[in-house]
>>> print(open('coords_19.txt').read())   # compact mmCIF, C-alpha atoms
# COMPACT_ATOMS: atom_id res chain seq x y z
CA ARG A 1 0.00 0.00 0.00
CA ARG A 2 1.16 3.51 -0.74
CA GLY A 3 0.17 6.97 0.43
CA LYS A 4 -0.29 8.40 -3.05
CA ALA A 5 -1.07 7.11 -6.53
CA THR A 6 1.83 6.29 -8.87
CA ALA A 7 1.73 6.27 -12.67
CA PHE A 8 3.50 3.33 -14.34
CA PRO A 9 4.33 3.11 -18.08
CA GLU A 10 1.74 1.40 -20.27
CA LYS A 11 3.68 -1.90 -20.32
CA GLY A 12 4.33 -1.74 -16.59
CA GLU A 13 7.57 -1.19 -14.72
CA TRP A 14 9.90 -3.59 -12.94
CA VAL A 15 10.37 -2.57 -9.32
CA ALA A 16 12.60 -4.29 -6.77
CA ILE A 17 10.61 -5.53 -3.78
CA HIS A 18 12.09 -4.78 -0.40
CA CYS A 19 11.35 -5.74 3.17
CA GLY A 20 11.88 -2.94 5.66
CA SER A 21 12.48 -3.22 9.38
CA ASN A 22 8.92 -2.72 10.66
CA LEU A 23 7.80 -5.71 12.76
CA GLY A 24 4.17 -4.55 12.95
CA HIS A 25 2.77 -7.20 10.61
CA LEU A 26 4.97 -9.98 11.93
CA ASN A 27 3.99 -9.22 15.53
CA ASN A 28 0.29 -9.16 14.68
CA ARG A 29 -0.75 -12.76 15.37
CA SER A 30 -4.15 -12.40 13.64
CA THR A 31 -2.56 -11.01 10.46
CA MET A 32 0.10 -13.72 10.35
CA GLU A 33 -2.52 -16.45 10.87
CA LYS A 34 -4.48 -15.13 7.87
CA ILE A 35 -1.32 -14.90 5.77
CA ARG A 36 -0.23 -18.43 6.64
CA GLU A 37 -3.72 -19.76 5.96
CA ALA A 38 -3.65 -18.23 2.47
CA TRP A 39 0.07 -19.02 1.97
CA PRO A 40 0.97 -22.32 3.66
CA GLU A 41 4.58 -22.09 2.40
CA CYS A 42 5.12 -18.78 4.21
CA PRO A 43 8.57 -18.80 5.83
CA SER A 44 8.91 -19.00 9.61
CA ASP A 45 9.06 -15.81 11.66
CA GLU A 46 12.83 -16.25 12.03
CA GLU A 47 13.30 -16.63 8.26
CA LEU A 48 11.15 -13.56 7.65
CA LYS A 49 13.23 -11.55 10.12
CA GLN A 50 16.42 -12.58 8.29
CA GLY A 51 15.02 -10.98 5.13
CA MET A 52 14.38 -7.61 6.76
CA LYS A 53 16.22 -4.54 5.46
CA SER A 54 16.80 -6.37 2.18
CA LEU A 55 15.76 -6.49 -1.45
CA LEU A 56 13.95 -9.76 -2.11
CA GLY A 57 13.31 -9.76 -5.85
CA PHE A 58 11.50 -7.98 -8.69
CA ALA A 59 7.89 -7.70 -9.87
CA ARG A 60 6.38 -5.78 -12.78
CA PHE A 61 3.77 -3.31 -11.59
CA VAL A 62 1.08 -2.08 -13.96
CA ASP A 63 -1.29 0.03 -11.84
CA GLY A 64 -0.22 2.37 -9.08
CA GLY A 65 -3.58 3.98 -8.41
CA CYS A 66 -5.81 1.22 -7.09
CA SER A 67 -7.96 3.09 -4.59
CA MET A 68 -8.37 1.24 -1.31
CA THR A 69 -12.08 2.09 -1.52
CA SER A 70 -12.49 0.28 -4.88
CA THR A 71 -14.46 -2.96 -5.05
CA GLU A 72 -11.31 -4.83 -6.16
CA CYS A 73 -9.32 -3.70 -3.12
CA ARG A 74 -12.20 -4.20 -0.68
CA GLN A 75 -12.47 -7.82 -1.86
CA ASP A 76 -8.73 -8.58 -1.60
CA PRO A 77 -8.11 -10.66 1.54
CA PHE A 78 -4.49 -9.51 1.96
CA LEU A 79 -5.32 -5.82 1.61
CA GLN A 80 -8.19 -6.15 4.05
CA SER A 81 -6.36 -8.30 6.60
CA TYR A 82 -5.00 -5.39 8.63
CA PRO A 83 -5.75 -1.70 9.17
CA CYS A 84 -3.62 0.71 7.16
CA GLU A 85 -3.90 4.44 6.59
CA LYS A 86 -2.52 4.24 3.03
CA ALA A 87 -5.00 5.29 0.33
CA TYR A 88 -3.67 3.29 -2.64
CA ALA A 89 -2.45 -0.17 -3.54
CA TRP A 90 -0.18 -1.13 -6.42
CA LYS A 91 -1.11 -3.96 -8.75
CA ALA A 92 1.42 -6.30 -10.34
CA ASP A 93 0.75 -7.99 -13.66
CA GLY A 94 0.36 -11.74 -14.08
CA VAL A 95 4.10 -12.30 -14.61
CA ARG A 96 5.56 -14.22 -11.70
CA ALA A 97 7.79 -12.20 -9.41
CA VAL A 98 11.50 -12.91 -9.80
CA PRO A 99 13.01 -13.68 -6.38
CA PHE A 100 16.68 -13.38 -5.57
CA GLN A 101 18.43 -16.55 -4.44
CA ALA A 102 18.93 -14.87 -1.06
CA PRO A 103 17.91 -11.49 0.40
CA VAL A 104 20.31 -8.69 -0.55
CA PRO A 105 20.87 -6.05 2.17
CA TYR A 106 20.45 -2.54 0.85
CA PRO A 107 22.52 0.51 1.83
CA LYS A 108 21.15 2.47 4.79
CA GLY A 109 19.09 5.51 3.93
CA GLN A 110 18.15 4.47 0.40
CA LEU A 111 14.81 5.03 -1.32
CA GLN A 112 11.89 2.77 -0.55
CA ILE A 113 11.08 2.40 -4.25
CA TRP A 114 13.69 0.73 -6.43
CA HIS A 115 12.88 1.32 -10.13
CA VAL A 116 14.83 -1.16 -12.27
CA THR A 117 16.09 -1.09 -15.86
CA ALA A 118 18.52 -3.32 -17.77
CA GLU A 119 21.26 -0.85 -16.84
CA GLY A 120 20.51 -0.94 -13.12
CA PHE A 121 18.44 1.20 -10.79
CA VAL A 122 16.86 4.37 -12.17
CA SER A 123 16.98 6.80 -9.26
CA GLY A 124 19.02 7.48 -6.18
CA SER A 125 22.77 7.47 -5.67
CA ASP A 126 25.08 5.01 -7.44
CA LYS A 127 22.96 1.90 -7.33
CA LYS A 128 24.77 0.30 -10.28
CA ALA A 129 27.57 -0.64 -7.87
CA PHE A 130 24.96 -2.07 -5.53
CA LEU A 131 23.33 -4.01 -8.37
CA SER A 132 26.62 -5.82 -8.98
CA MET A 133 26.18 -7.43 -5.52
CA VAL A 134 22.79 -8.95 -6.42
CA PRO A 135 22.91 -12.74 -6.77
CA PRO A 136 22.17 -14.11 -10.23
CA ALA A 137 18.46 -14.47 -11.00
CA PRO A 138 16.37 -14.97 -14.12
CA THR A 139 16.16 -11.85 -16.30
CA ALA A 140 13.55 -9.54 -14.77
CA GLY A 141 12.60 -7.93 -18.08
CA GLY A 142 11.75 -11.15 -19.92
CA GLY A 143 8.64 -10.72 -22.01
CA GLY A 144 8.70 -6.95 -22.30
>>> encode(input="coords_19.txt", output="structure tokens")
Amino acid sequence: RRGKATAFPEKGEWVAIHCGSNLGHLNNRSTMEKIREAWPECPSDEELKQGMKSLLGFARFVDGGCSMTSTECRQDPFLQSYPCEKAYAWKADGVRAVPFQAPVPYPKGQLQIWHVTAEGFVSGSDKKAFLSMVPPAPTAGGGG
């Protein structure tokens, strides 16, 4: 969920998915029970904690303005599983997310949104050097 709407290019945009350091969801027993019911393969709490403050993979997002009051968002069990003050949700396309082989810690103080191109990250300080640390993964831009 995001605080404001975001416009993505017509074909979508690959964005690196990160896990911050907020334990709010993990410490909410009711939320985690719902997540594990819908996702039986969900990693253990300890494994999830090990992935904090890291980039986890890529997904191609196609809609950055899904209003939380829309029918689609009100019917989404994950979006409705916990209270959140954010007004918008982002929607990924049907292409499977591309996970890294292992979480990749990101430099302290970096942006929360990691826009990705074939040359590396689009914005922020020198993220090309950081990208060289990312473990090999299938090409994120496959299929356009």
>>> atom_distance(input="coords_19.txt", atom1="CA of Asp93 (chain A)", atom2="CA of Ser67 (chain A)")
16.8 Å
>>> closest_residue(input="coords_19.txt", among="A:Cys73, A:Leu23, A:Cys42, A:Ala92", to="Arg60 (chain A)", atoms="all atoms listed in the file")
A:Ala92
>>> closest_residue(input="coords_19.txt", among="A:Glu72, A:Gly64, A:Phe58, A:Phe78", to="Glu37 (chain A)", atoms="all atoms listed in the file")
A:Phe78
>>> atom_distance(input="coords_19.txt", atom1="CA of Ala16 (chain A)", atom2="CA of Asp63 (chain A)")
15.4 Å
>>> residues_near_point(input="coords_19.txt", point="(7.3, -3.2, -13.7)", cutoff="6 Å", atoms="all atoms listed in the file", output="MDAnalysis selection string")
chainID A and resid 12:15 59:61
>>> atom_distance(input="coords_19.txt", atom1="CA of Val98 (chain A)", atom2="CA of His18 (chain A)")
12.4 Å
>>> closest_residue(input="coords_19.txt", among="A:Ser21, A:Pro103, A:Lys4, A:Ala89", to="Val62 (chain A)", atoms="only C-alpha atoms")
A:Ala89
